[in-house]
$ cat upload_37.txt   # compact mmCIF, C-alpha atoms
# COMPACT_ATOMS: atom_id res chain seq x y z
CA MET V 138 -27.48 -103.17 27.68
CA ASP V 139 -29.11 -100.21 29.50
CA TRP V 140 -26.38 -97.58 29.34
CA ASP V 141 -28.51 -95.01 31.19
CA LEU V 142 -28.79 -97.38 34.13
CA ILE V 143 -25.04 -98.00 34.07
CA LEU V 144 -24.36 -94.26 34.03
CA TRP V 145 -26.69 -93.62 36.96
CA VAL V 146 -25.15 -96.48 38.94
CA ALA V 147 -21.71 -95.04 38.18
CA THR V 148 -22.88 -91.60 39.30
CA PHE V 149 -24.16 -93.05 42.58
CA ILE V 150 -20.90 -94.90 43.21
CA ILE V 151 -18.87 -91.78 42.49
CA ALA V 152 -21.11 -89.77 44.84
CA VAL V 153 -20.55 -92.28 47.64
CA VAL V 154 -16.80 -92.30 47.00
CA ALA V 155 -16.74 -88.49 46.98
CA LEU V 156 -18.64 -88.30 50.27
CA LEU V 157 -16.40 -90.92 51.87
CA GLY V 158 -13.41 -89.00 50.61
CA MET V 159 -14.83 -85.80 52.04
CA LEU V 160 -15.32 -87.39 55.44
CA ARG V 161 -11.88 -89.03 55.34
CA ASN V 162 -10.23 -85.78 54.35
CA ARG V 163 -12.40 -83.60 56.51
CA ARG V 164 -9.60 -83.09 59.02
CA THR V 165 -7.21 -82.10 56.25
CA ILE V 166 -9.73 -79.68 54.74
CA ARG V 167 -10.44 -78.16 58.13
CA THR V 168 -6.70 -77.82 58.81
CA MET V 169 -6.28 -75.91 55.54
CA MET V 170 -9.23 -73.62 56.38
CA ILE V 171 -7.90 -73.08 59.91
CA GLU V 172 -4.48 -72.16 58.57
CA ARG V 173 -6.05 -69.70 56.10
CA ARG V 174 -8.08 -68.10 58.89
CA ARG V 175 -5.08 -68.00 61.23
CA THR V 176 -2.92 -66.36 58.57
CA THR V 177 -5.62 -63.76 57.92
CA THR V 178 -5.95 -63.04 61.63
CA MET V 179 -2.18 -62.65 62.07
CA ARG V 180 -1.94 -60.36 59.06
CA ASP V 181 -4.86 -58.21 60.20
CA THR V 182 -3.48 -58.01 63.73
CA GLU V 183 -0.05 -56.92 62.53
CA THR V 184 -1.37 -54.19 60.25
CA ASN V 185 -4.54 -53.14 62.06
CA PRO V 186 -5.04 -54.49 65.57
CA HIS V 187 -8.63 -53.15 65.75
CA THR V 188 -8.12 -52.00 69.31
CA SER V 189 -11.49 -50.96 70.70
CA THR V 190 -12.06 -47.94 72.92
CA THR V 191 -11.25 -48.75 76.56
CA ARG V 192 -14.45 -49.42 78.48
CA GLN V 193 -14.73 -49.32 82.26
CA GLY V 194 -17.61 -51.73 82.86
CA PRO V 195 -17.30 -55.41 83.81
CA PRO V 196 -17.72 -58.28 81.35
CA TYR V 197 -21.33 -59.22 80.62
CA VAL V 198 -22.44 -62.76 79.80
CA ILE V 199 -25.75 -63.17 77.95
CA TYR V 200 -26.64 -66.83 78.20
CA ASN V 201 -29.39 -69.21 77.13
CA PRO V 202 -30.22 -71.38 80.17
CA THR V 203 -32.19 -73.88 78.08
CA LYS V 204 -29.00 -75.18 76.46
CA LYS V 205 -27.64 -78.44 77.79
CA ALA V 206 -24.26 -77.36 79.18
CA ASN V 207 -22.18 -77.54 82.34
CA TRP V 208 -23.05 -74.02 83.44
CA GLU V 209 -21.25 -74.38 86.76
CA GLU V 210 -17.99 -75.12 84.94
CA ILE V 211 -18.58 -72.27 82.48
CA ARG V 212 -19.30 -69.77 85.27
CA GLU V 213 -16.22 -70.84 87.18
CA ALA V 214 -13.96 -70.56 84.10
CA ILE V 215 -15.24 -67.09 83.19
CA ALA V 216 -15.07 -65.83 86.79
CA ARG V 217 -11.52 -67.12 87.27
CA THR V 218 -10.31 -65.69 83.97
CA ALA V 219 -11.96 -62.33 84.63
CA HIS V 220 -10.32 -62.19 88.07
CA ASP V 221 -6.90 -63.07 86.66
CA ALA V 222 -7.30 -60.35 84.02
CA SER V 223 -8.52 -57.76 86.59
CA LEU V 224 -11.75 -57.26 84.64
CA GLY V 225 -14.16 -57.25 87.54
CA GLU V 226 -16.94 -59.68 88.44
CA PRO V 227 -18.84 -60.81 85.32
CA ILE V 228 -22.53 -59.90 85.13
CA TRP V 229 -24.80 -62.70 83.91
CA LEU V 230 -28.05 -61.94 82.06
CA GLU V 231 -30.44 -64.76 81.18
CA THR V 232 -32.33 -64.91 77.88
CA THR V 233 -35.98 -65.93 77.72
CA ALA V 234 -38.38 -67.16 75.07
CA GLU V 235 -39.95 -63.69 75.02
CA ASP V 236 -36.61 -61.87 74.88
CA PRO V 237 -33.80 -63.93 73.30
CA GLY V 238 -31.14 -61.32 74.10
CA VAL V 239 -32.21 -57.95 72.71
CA SER V 240 -32.77 -56.02 75.94
CA GLN V 241 -29.98 -57.89 77.69
CA THR V 242 -27.47 -56.78 75.05
CA GLN V 243 -28.67 -53.20 75.24
CA ALA V 244 -28.34 -53.25 79.04
CA ALA V 245 -24.74 -54.44 78.71
CA ILE V 246 -23.99 -51.72 76.16
CA ASP V 247 -25.50 -49.07 78.43
CA ALA V 248 -23.36 -50.35 81.31
CA GLN V 249 -20.18 -49.77 79.28
CA ALA V 250 -19.31 -53.50 79.30
CA ALA V 251 -15.68 -54.23 78.50
CA VAL V 252 -16.76 -57.28 76.51
CA ILE V 253 -20.13 -58.95 75.94
CA ILE V 254 -20.10 -62.74 75.81
CA ALA V 255 -22.81 -64.76 74.06
CA ALA V 256 -23.14 -68.15 75.76
CA GLY V 257 -25.61 -70.27 73.84
CA GLY V 258 -26.34 -71.51 70.35
CA ASP V 259 -26.22 -69.78 66.98
CA GLY V 260 -29.48 -67.97 67.73
CA THR V 261 -28.12 -66.33 70.88
CA VAL V 262 -24.93 -65.37 69.05
CA ARG V 263 -26.97 -63.78 66.25
CA VAL V 264 -29.12 -61.67 68.58
CA VAL V 265 -26.14 -60.40 70.58
CA ALA V 266 -24.15 -59.75 67.38
CA GLU V 267 -27.07 -57.74 65.99
CA GLY V 268 -26.97 -55.48 69.03
CA LEU V 269 -23.18 -55.08 68.86
CA THR V 270 -22.96 -54.34 65.13
CA ASN V 271 -21.09 -51.07 64.50
CA THR V 272 -20.56 -50.46 68.24
CA ASN V 273 -16.89 -51.60 68.36
CA ILE V 274 -17.65 -53.49 71.59
CA PRO V 275 -16.05 -56.95 71.34
CA LEU V 276 -18.20 -60.06 71.19
CA GLY V 277 -16.92 -63.11 73.05
CA LEU V 278 -18.24 -66.58 72.28
CA ILE V 279 -19.00 -69.52 74.55
CA PRO V 280 -20.65 -71.87 72.03
CA VAL V 281 -22.94 -74.49 73.62
CA GLY V 282 -25.45 -75.04 70.80
CA THR V 283 -25.94 -77.71 68.16
CA GLY V 284 -24.21 -76.06 65.21
CA ASN V 285 -21.89 -73.42 66.72
CA VAL V 286 -21.13 -72.42 63.14
CA LEU V 287 -19.52 -69.01 63.70
CA ALA V 288 -17.26 -70.44 66.40
CA ARG V 289 -16.17 -73.21 64.02
CA ASN V 290 -15.40 -70.74 61.26
CA LEU V 291 -13.32 -68.67 63.70
CA ASN V 292 -11.35 -71.77 64.77
CA LEU V 293 -12.41 -71.61 68.42
CA PRO V 294 -11.72 -74.65 70.65
CA LEU V 295 -15.25 -75.96 71.14
CA ASP V 296 -14.28 -78.64 73.67
CA ASP V 297 -12.14 -76.48 75.98
CA VAL V 298 -14.22 -74.25 78.27
CA ARG V 299 -11.19 -72.77 80.00
CA GLU V 300 -9.55 -71.70 76.74
CA LEU V 301 -12.87 -70.38 75.41
CA ALA V 302 -13.14 -68.17 78.50
CA VAL V 303 -9.57 -66.92 78.04
CA ILE V 304 -10.23 -66.06 74.39
CA ALA V 305 -13.56 -64.38 75.13
CA LEU V 306 -12.11 -62.21 77.89
CA THR V 307 -8.52 -61.58 76.79
CA GLY V 308 -8.27 -62.60 73.13
CA ILE V 309 -7.52 -60.19 70.29
CA ASN V 310 -10.29 -58.31 68.51
CA ARG V 311 -10.95 -59.28 64.92
CA LYS V 312 -13.27 -57.32 62.65
CA ILE V 313 -15.65 -59.51 60.68
CA ASP V 314 -18.44 -58.78 58.21
CA VAL V 315 -22.13 -59.11 59.01
CA GLY V 316 -24.99 -59.71 56.66
CA VAL V 317 -28.28 -57.86 56.76
CA LEU V 318 -31.48 -59.53 55.52
CA GLU V 319 -34.44 -57.29 54.82
CA VAL V 320 -37.89 -58.85 54.70
CA LYS V 321 -40.04 -56.84 52.31
CA LYS V 322 -43.82 -56.67 52.05
CA ALA V 323 -45.08 -59.98 50.71
CA HIS V 324 -46.97 -60.10 47.42
CA ALA V 325 -48.10 -63.68 47.95
CA PRO V 326 -50.02 -65.20 50.87
CA SER V 327 -48.51 -67.72 53.26
CA PRO V 328 -49.51 -71.36 52.59
CA GLN V 329 -52.92 -72.18 54.04
CA SER V 330 -51.91 -75.66 55.11
CA THR V 331 -48.42 -76.36 56.43
CA LYS V 332 -46.83 -78.94 58.68
CA HIS V 333 -45.79 -76.24 61.12
CA GLU V 334 -49.00 -74.38 61.92
CA ASP V 335 -47.25 -71.90 64.23
CA LEU V 336 -45.10 -70.62 61.36
CA LYS V 337 -46.67 -67.36 60.18
CA SER V 338 -45.69 -64.59 57.78
CA ALA V 339 -42.28 -63.10 58.53
CA THR V 340 -42.35 -59.67 60.15
CA ILE V 341 -41.21 -56.92 57.80
CA GLY V 342 -37.86 -55.53 58.92
CA ARG V 343 -34.09 -55.96 58.99
CA TYR V 344 -32.26 -58.90 60.56
CA VAL V 345 -28.52 -59.26 61.05
CA PHE V 346 -26.83 -62.60 60.33
CA VAL V 347 -23.22 -63.63 60.86
CA VAL V 348 -23.28 -67.11 59.29
CA ASN V 349 -25.97 -67.35 56.59
CA ALA V 350 -29.52 -66.51 55.64
CA GLY V 351 -31.80 -68.18 53.14
CA MET V 352 -35.20 -68.97 51.71
CA GLY V 353 -36.61 -72.37 50.88
CA LEU V 354 -35.35 -75.80 51.89
CA ASP V 355 -32.71 -74.55 54.35
CA ALA V 356 -35.35 -72.66 56.36
CA ALA V 357 -37.78 -75.60 56.16
CA ILE V 358 -35.06 -77.85 57.61
CA MET V 359 -34.48 -75.43 60.48
CA ALA V 360 -38.21 -75.29 61.22
CA GLU V 361 -38.40 -79.10 61.18
CA ALA V 362 -35.40 -79.40 63.52
CA ASP V 363 -36.81 -76.77 65.90
CA ALA V 364 -40.01 -78.79 66.12
CA ASN V 365 -37.98 -81.69 67.53
CA LYS V 366 -35.48 -79.98 69.84
CA LYS V 367 -35.20 -83.09 71.99
CA LEU V 368 -33.64 -84.98 69.09
CA LYS V 369 -31.14 -82.14 68.54
CA GLU V 370 -30.07 -82.40 72.16
CA ILE V 371 -29.58 -86.15 71.86
CA ILE V 372 -27.82 -86.59 68.51
CA GLY V 373 -26.56 -83.06 67.74
CA TRP V 374 -26.13 -81.73 64.20
CA PRO V 375 -27.18 -85.01 62.43
CA ALA V 376 -30.71 -84.02 63.49
CA TYR V 377 -30.66 -81.49 60.64
CA PHE V 378 -30.15 -84.25 58.08
CA LYS V 379 -33.09 -86.17 59.52
CA ALA V 380 -35.11 -82.95 59.38
CA ALA V 381 -34.33 -82.64 55.67
CA MET V 382 -35.85 -86.00 54.71
CA PRO V 383 -39.54 -84.90 54.55
CA HIS V 384 -38.63 -81.93 52.33
CA ILE V 385 -36.17 -83.20 49.73
CA LEU V 386 -38.89 -84.04 47.19
CA ALA V 387 -41.11 -81.03 47.96
CA PRO V 388 -42.05 -78.71 45.08
CA LYS V 389 -39.37 -76.27 43.99
CA MET V 390 -39.68 -72.52 44.15
CA THR V 391 -39.43 -70.18 41.18
CA ALA V 392 -36.92 -67.52 42.20
CA THR V 393 -36.10 -64.20 40.55
CA ILE V 394 -32.69 -62.94 41.66
CA SER V 395 -31.25 -59.47 41.10
CA VAL V 396 -27.60 -58.97 42.04
CA GLY V 397 -26.64 -55.38 42.85
CA SER V 398 -28.52 -52.61 41.08
CA ALA V 399 -27.14 -52.80 37.54
CA THR V 400 -27.80 -56.42 36.57
CA THR V 401 -30.75 -57.93 34.75
CA PRO V 402 -32.88 -60.16 37.03
CA VAL V 403 -32.51 -63.90 36.51
CA THR V 404 -35.39 -66.32 37.06
CA THR V 405 -34.61 -69.92 37.94
CA ASP V 406 -36.02 -72.96 39.71
CA ALA V 407 -34.38 -73.70 43.06
CA ARG V 408 -34.71 -75.82 46.14
CA THR V 409 -33.11 -73.11 48.23
CA VAL V 410 -31.29 -69.79 47.84
CA MET V 411 -28.76 -68.87 50.51
CA PHE V 412 -26.57 -65.89 51.36
CA LEU V 413 -23.33 -67.02 53.02
CA ASN V 414 -20.97 -65.09 55.26
CA CYS V 415 -19.15 -68.31 56.21
CA GLY V 416 -17.95 -71.15 54.00
CA GLU V 417 -18.43 -73.93 56.56
CA LEU V 418 -22.00 -74.75 57.54
CA VAL V 419 -23.71 -77.13 59.98
CA GLY V 420 -21.99 -80.49 60.39
CA GLY V 421 -18.78 -79.34 58.71
CA LEU V 422 -20.48 -79.09 55.30
CA VAL V 423 -18.33 -76.79 53.16
CA PHE V 424 -20.05 -74.92 50.32
CA ASP V 425 -17.07 -72.68 49.51
CA SER V 426 -13.63 -73.38 50.97
CA THR V 427 -12.38 -69.91 49.95
CA SER V 428 -15.10 -67.96 51.77
CA LYS V 429 -13.98 -65.84 54.74
CA THR V 430 -15.86 -63.85 57.35
CA ASP V 431 -13.78 -60.71 56.81
CA ASP V 432 -13.36 -60.38 53.03
CA GLY V 433 -16.12 -57.82 52.43
CA TRP V 434 -18.13 -60.27 50.30
CA MET V 435 -20.91 -62.78 50.74
CA GLU V 436 -21.64 -65.82 48.62
CA LEU V 437 -24.94 -66.32 46.82
CA ALA V 438 -25.65 -70.07 46.71
CA VAL V 439 -28.45 -71.37 44.48
CA VAL V 440 -29.24 -75.06 45.04
CA ASP V 441 -31.40 -77.19 42.75
CA THR V 442 -31.96 -80.87 42.01
CA ARG V 443 -33.78 -82.89 39.37
CA ALA V 444 -34.72 -86.55 38.79
CA GLY V 445 -35.84 -87.21 42.35
CA ILE V 446 -33.39 -88.87 44.72
CA ILE V 447 -30.79 -89.13 41.95
CA GLY V 448 -30.53 -85.35 41.91
CA TRP V 449 -29.76 -85.28 45.64
CA VAL V 450 -27.11 -87.95 45.21
CA ASP V 451 -25.51 -85.86 42.47
CA LEU V 452 -25.74 -82.73 44.62
CA LEU V 453 -24.04 -84.48 47.55
CA ARG V 454 -21.31 -85.69 45.20
CA ARG V 455 -20.72 -82.17 43.87
CA THR V 456 -20.79 -80.61 47.32
CA GLY V 457 -18.34 -83.20 48.63
CA LEU V 458 -15.92 -82.63 45.77
CA ARG V 459 -16.15 -78.83 46.05
CA GLY V 460 -15.52 -79.09 49.77
CA MET V 461 -12.33 -81.00 48.93
CA GLY V 462 -11.27 -78.13 46.67
CA ILE V 463 -12.05 -79.94 43.39
CA LYS V 464 -13.65 -77.50 40.93
CA LYS V 465 -14.31 -79.80 37.96
CA VAL V 466 -17.17 -81.93 39.25
CA ASP V 467 -19.00 -82.85 36.02
CA ILE V 468 -18.94 -86.42 34.74
CA PRO V 469 -18.35 -86.53 30.95
CA GLY V 470 -21.44 -87.74 29.12
CA VAL V 471 -23.65 -87.64 32.22
CA PRO V 472 -26.11 -84.73 32.54
CA ALA V 473 -25.98 -82.89 35.86
CA GLN V 474 -28.96 -83.60 38.11
CA GLY V 475 -27.80 -81.54 41.08
CA ASP V 476 -26.71 -77.91 40.86
CA LEU V 477 -24.76 -75.82 43.37
CA ASP V 478 -24.12 -72.41 41.82
CA ILE V 479 -22.09 -70.00 43.95
CA HIS V 480 -21.44 -66.35 43.11
CA ARG V 481 -19.50 -63.77 45.13
CA ILE V 482 -21.66 -60.69 45.65
CA ARG V 483 -22.25 -57.73 47.95
CA GLU V 484 -26.02 -57.47 47.72
CA ALA V 485 -28.95 -59.19 46.05
CA THR V 486 -32.75 -59.22 45.96
CA LEU V 487 -34.80 -62.42 45.86
CA GLU V 488 -38.47 -62.67 44.89
CA THR V 489 -40.56 -65.83 44.52
CA GLU V 490 -44.01 -66.55 43.10
CA GLN V 491 -45.18 -68.17 46.35
CA SER V 492 -44.22 -67.46 49.94
CA HIS V 493 -41.54 -69.72 51.44
CA PRO V 494 -39.90 -70.00 54.87
CA VAL V 495 -36.96 -67.68 55.57
CA GLN V 496 -34.17 -68.09 58.13
CA VAL V 497 -31.24 -66.10 59.52
CA ASP V 498 -28.50 -68.09 61.30
CA GLY V 499 -30.98 -70.88 61.92
CA ASP V 500 -33.71 -68.63 63.35
CA VAL V 501 -36.83 -69.15 61.23
CA LEU V 502 -38.55 -65.80 60.65
CA GLY V 503 -41.65 -67.14 58.91
CA TYR V 504 -42.95 -67.00 55.34
CA ALA V 505 -41.97 -64.35 52.80
CA ASN V 506 -41.62 -63.99 49.05
CA HIS V 507 -39.50 -60.83 48.82
CA ILE V 508 -36.18 -60.39 50.61
CA ARG V 509 -32.95 -58.45 50.13
CA ALA V 510 -29.53 -59.32 51.51
CA ARG V 511 -26.37 -57.25 51.71
CA ILE V 512 -22.99 -57.46 53.40
CA VAL V 513 -21.64 -54.85 55.82
CA PRO V 514 -17.83 -55.10 55.93
CA ASN V 515 -15.92 -55.01 59.23
CA ALA V 516 -19.05 -54.26 61.25
CA LEU V 517 -18.47 -56.57 64.23
CA ASN V 518 -15.59 -56.99 66.68
CA VAL V 519 -15.14 -60.63 67.71
CA ARG V 520 -12.65 -62.11 70.15
CA VAL V 521 -10.38 -64.74 68.63
CA ARG V 522 -7.19 -66.58 69.61
CA ASN V 523 -4.25 -64.42 70.61
$ encode --input "upload_37.txt" --output "structure tokens"
Amino acid sequence: MDWDLILWVATFIIAVVALLGMLRNRRTIRTMMIERRRTTTMRDTETNPHTSTTRQGPPYVIYNPTKKANWEEIREAIARTAHDASLGEPIWLETTAEDPGVSQTQAAIDAQAAVIIAAGGDGTVRVVAEGLTNTNIPLGLIPVGTGNVLARNLNLPLDDVRELAVIALTGINRKIDVGVLEVKKAHAPSPQSTKHEDLKSATIGRYVFVVNAGMGLDAAIMAEADANKKLKEIIGWPAYFKAAMPHILAPKMTATISVGSATTPVTTDARTVMFLNCGELVGGLVFDSTSKTDDGWMELAVVDTRAGIIGWVDLLRRTGLRGMGIKKVDIPGVPAQGDLDIHRIREATLETEQSHPVQVDGDVLGYANHIRARIVPNALNVRVRN
């Protein structure tokens, strides 16, 4: 009898059961996370309401017109809410491919906007948040993208435009952390032949993220999904799982990670290395159910697989169980073929032998082999439920 085969079959069955359990209990898990976030918000509001300096300007809405949304309904809801709250007529500024929100955000800041609303996907939210970091001006959210990950982590009602407008214009201010990813000078060239020929070397500089940043498979998936935006519009977040298929058996990267300034660098093989400001990712995938956007920490997630497709099955099983709050995910007598190592940190440096794609909140920056990430506590005011 082939006991190895039996063990692998058992592992596969357990992985399927774990994933089915995760999907079945997804509502329960999300309810627990919502309650934790709501409790945190109530506690923070009672002890430190984070009241921003009164600003005289009208609300500004920075929106991405390429998103498939009922803009007439959104405009009407925001205008009506602004009128009811005596905030003045909202000013709408459109993003473009050349300027995804940088100058628009600065114009709103210069105009002393009472609140600046990002109406678009995660990319629009990231650009506006970058401009508002450390300004104390509140950021309102009208999420109309594919992932809407920050809005999900803040427990915003994604399917209720009227309530979203009320929260964005009159909700309470909550301080959250932001991450900063620094792209350093590359010491390795970008690949000569890639599937996405328009993907070049990442520009050296600093980039704010509010959800996550990473190097490797996660960025490759984002690039693949961006190349087929039509599919994202049709099927939504499952498009990211389709985008992952061509890359799951790609060569690994050799990563050297230094946490803080006093630790010895660690070199390891990895499919992807991510820096998380939120525990819930695209599609409701939960890497760390205890992660919060306002705890002053970020999570370093190192993902690796072995043994081909079996490793991915094992990784899905482990991720599903961890998302359900189960910490002991090893099967006695069966070697792990999928690894998800998570460490709570404040800063880290990542270097790789070859250049790999890098992303911040789903925006693919290009190829790099040397990046640094750090968390900036309480740097952004965001409107949440009152």
$ residues_around --input "upload_37.txt" --residues "stretch 310-322 of chain V" --least-positions-apart "4" --cutoff "6 Å" --atoms "all atoms listed in the file" --output "list in words"
Ile341, Gly342, Arg343, Tyr344, Val345, Phe346, Val347, Thr430, Asp431, His507, Ile508, Arg509, Ala510, Arg511, Ile512, Val513, Pro514, Asn515, Ala516, Leu517, Asn518, Val519 and Arg520 of chain V
$ write_last_selection --input "upload_37.txt" --atoms "C-alpha atoms" --output "compact mmCIF listing (two decimals), keeping the file's coordinate frame"
# COMPACT_ATOMS: atom_id res chain seq x y z
CA ILE V 341 -41.21 -56.92 57.80
CA GLY V 342 -37.86 -55.53 58.92
CA ARG V 343 -34.09 -55.96 58.99
CA TYR V 344 -32.26 -58.90 60.56
CA VAL V 345 -28.52 -59.26 61.05
CA PHE V 346 -26.83 -62.60 60.33
CA VAL V 347 -23.22 -63.63 60.86
CA THR V 430 -15.86 -63.85 57.35
CA ASP V 431 -13.78 -60.71 56.81
CA HIS V 507 -39.50 -60.83 48.82
CA ILE V 508 -36.18 -60.39 50.61
CA ARG V 509 -32.95 -58.45 50.13
CA ALA V 510 -29.53 -59.32 51.51
CA ARG V 511 -26.37 -57.25 51.71
CA ILE V 512 -22.99 -57.46 53.40
CA VAL V 513 -21.64 -54.85 55.82
CA PRO V 514 -17.83 -55.10 55.93
CA ASN V 515 -15.92 -55.01 59.23
CA ALA V 516 -19.05 -54.26 61.25
CA LEU V 517 -18.47 -56.57 64.23
CA ASN V 518 -15.59 -56.99 66.68
CA VAL V 519 -15.14 -60.63 67.71
CA ARG V 520 -12.65 -62.11 70.15
$ closest_residue --input "upload_37.txt" --among "V:Thr340, V:Thr401, V:Asn273, V:Thr283" --to "V:Ala376" --atoms "only C-alpha atoms"
V:Thr283
$ closest_residue --input "upload_37.txt" --among "V:Thr486, V:Thr393, V:Asn414, V:Gln249" --to "V:Asp432" --atoms "all atoms listed in the file"
V:Asn414
$ residues_around --input "upload_37.txt" --residues "V:Ile446" --least-positions-apart "6" --cutoff "12 Å" --atoms "all atoms listed in the file" --output "JSON list (two decimals) with C-alpha atoms, in the frame of the given file"
[["chain", "number", "residue", "atom", "x", "y", "z"],
["V", 145, "TRP", "CA", -26.69, -93.62, 36.96],
["V", 149, "PHE", "CA", -24.16, -93.05, 42.58],
["V", 382, "MET", "CA", -35.85, -86.00, 54.71],
["V", 384, "HIS", "CA", -38.63, -81.93, 52.33],
["V", 385, "ILE", "CA", -36.17, -83.20, 49.73],
["V", 386, "LEU", "CA", -38.89, -84.04, 47.19],
["V", 387, "ALA", "CA", -41.11, -81.03, 47.96],
["V", 452, "LEU", "CA", -25.74, -82.73, 44.62],
["V", 453, "LEU", "CA", -24.04, -84.48, 47.55],
["V", 474, "GLN", "CA", -28.96, -83.60, 38.11],
["V", 475, "GLY", "CA", -27.80, -81.54, 41.08]]
$ atom_distance --input "upload_37.txt" --atom1 "atom CA of V:Gln193" --atom2 "atom CA of V:Ala250"
6.9 Å
$ residues_around --input "upload_37.txt" --residues "stretch 211-214 of chain V" --least-positions-apart "5" --cutoff "12 Å" --atoms "all atoms listed in the file" --output "PyMOL selection string"
chain V and resi 197-200+202+205-206+219-221+226-229+254+256-257+278-281+296-306
$ atom_distance --input "upload_37.txt" --atom1 "atom CA of V:Asp476" --atom2 "atom CA of V:Thr427"
18.8 Å
$ closest_residue --input "upload_37.txt" --among "V:Asp247, V:Glu490, V:Asp406, V:Asp259" --to "V:Arg443" --atoms "all atoms listed in the file"
V:Asp406
$ closest_residue --input "upload_37.txt" --among "V:Gln243, V:Ser395, V:Asn285, V:Asn207" --to "V:Leu269" --atoms "only C-alpha atoms"
V:Gln243
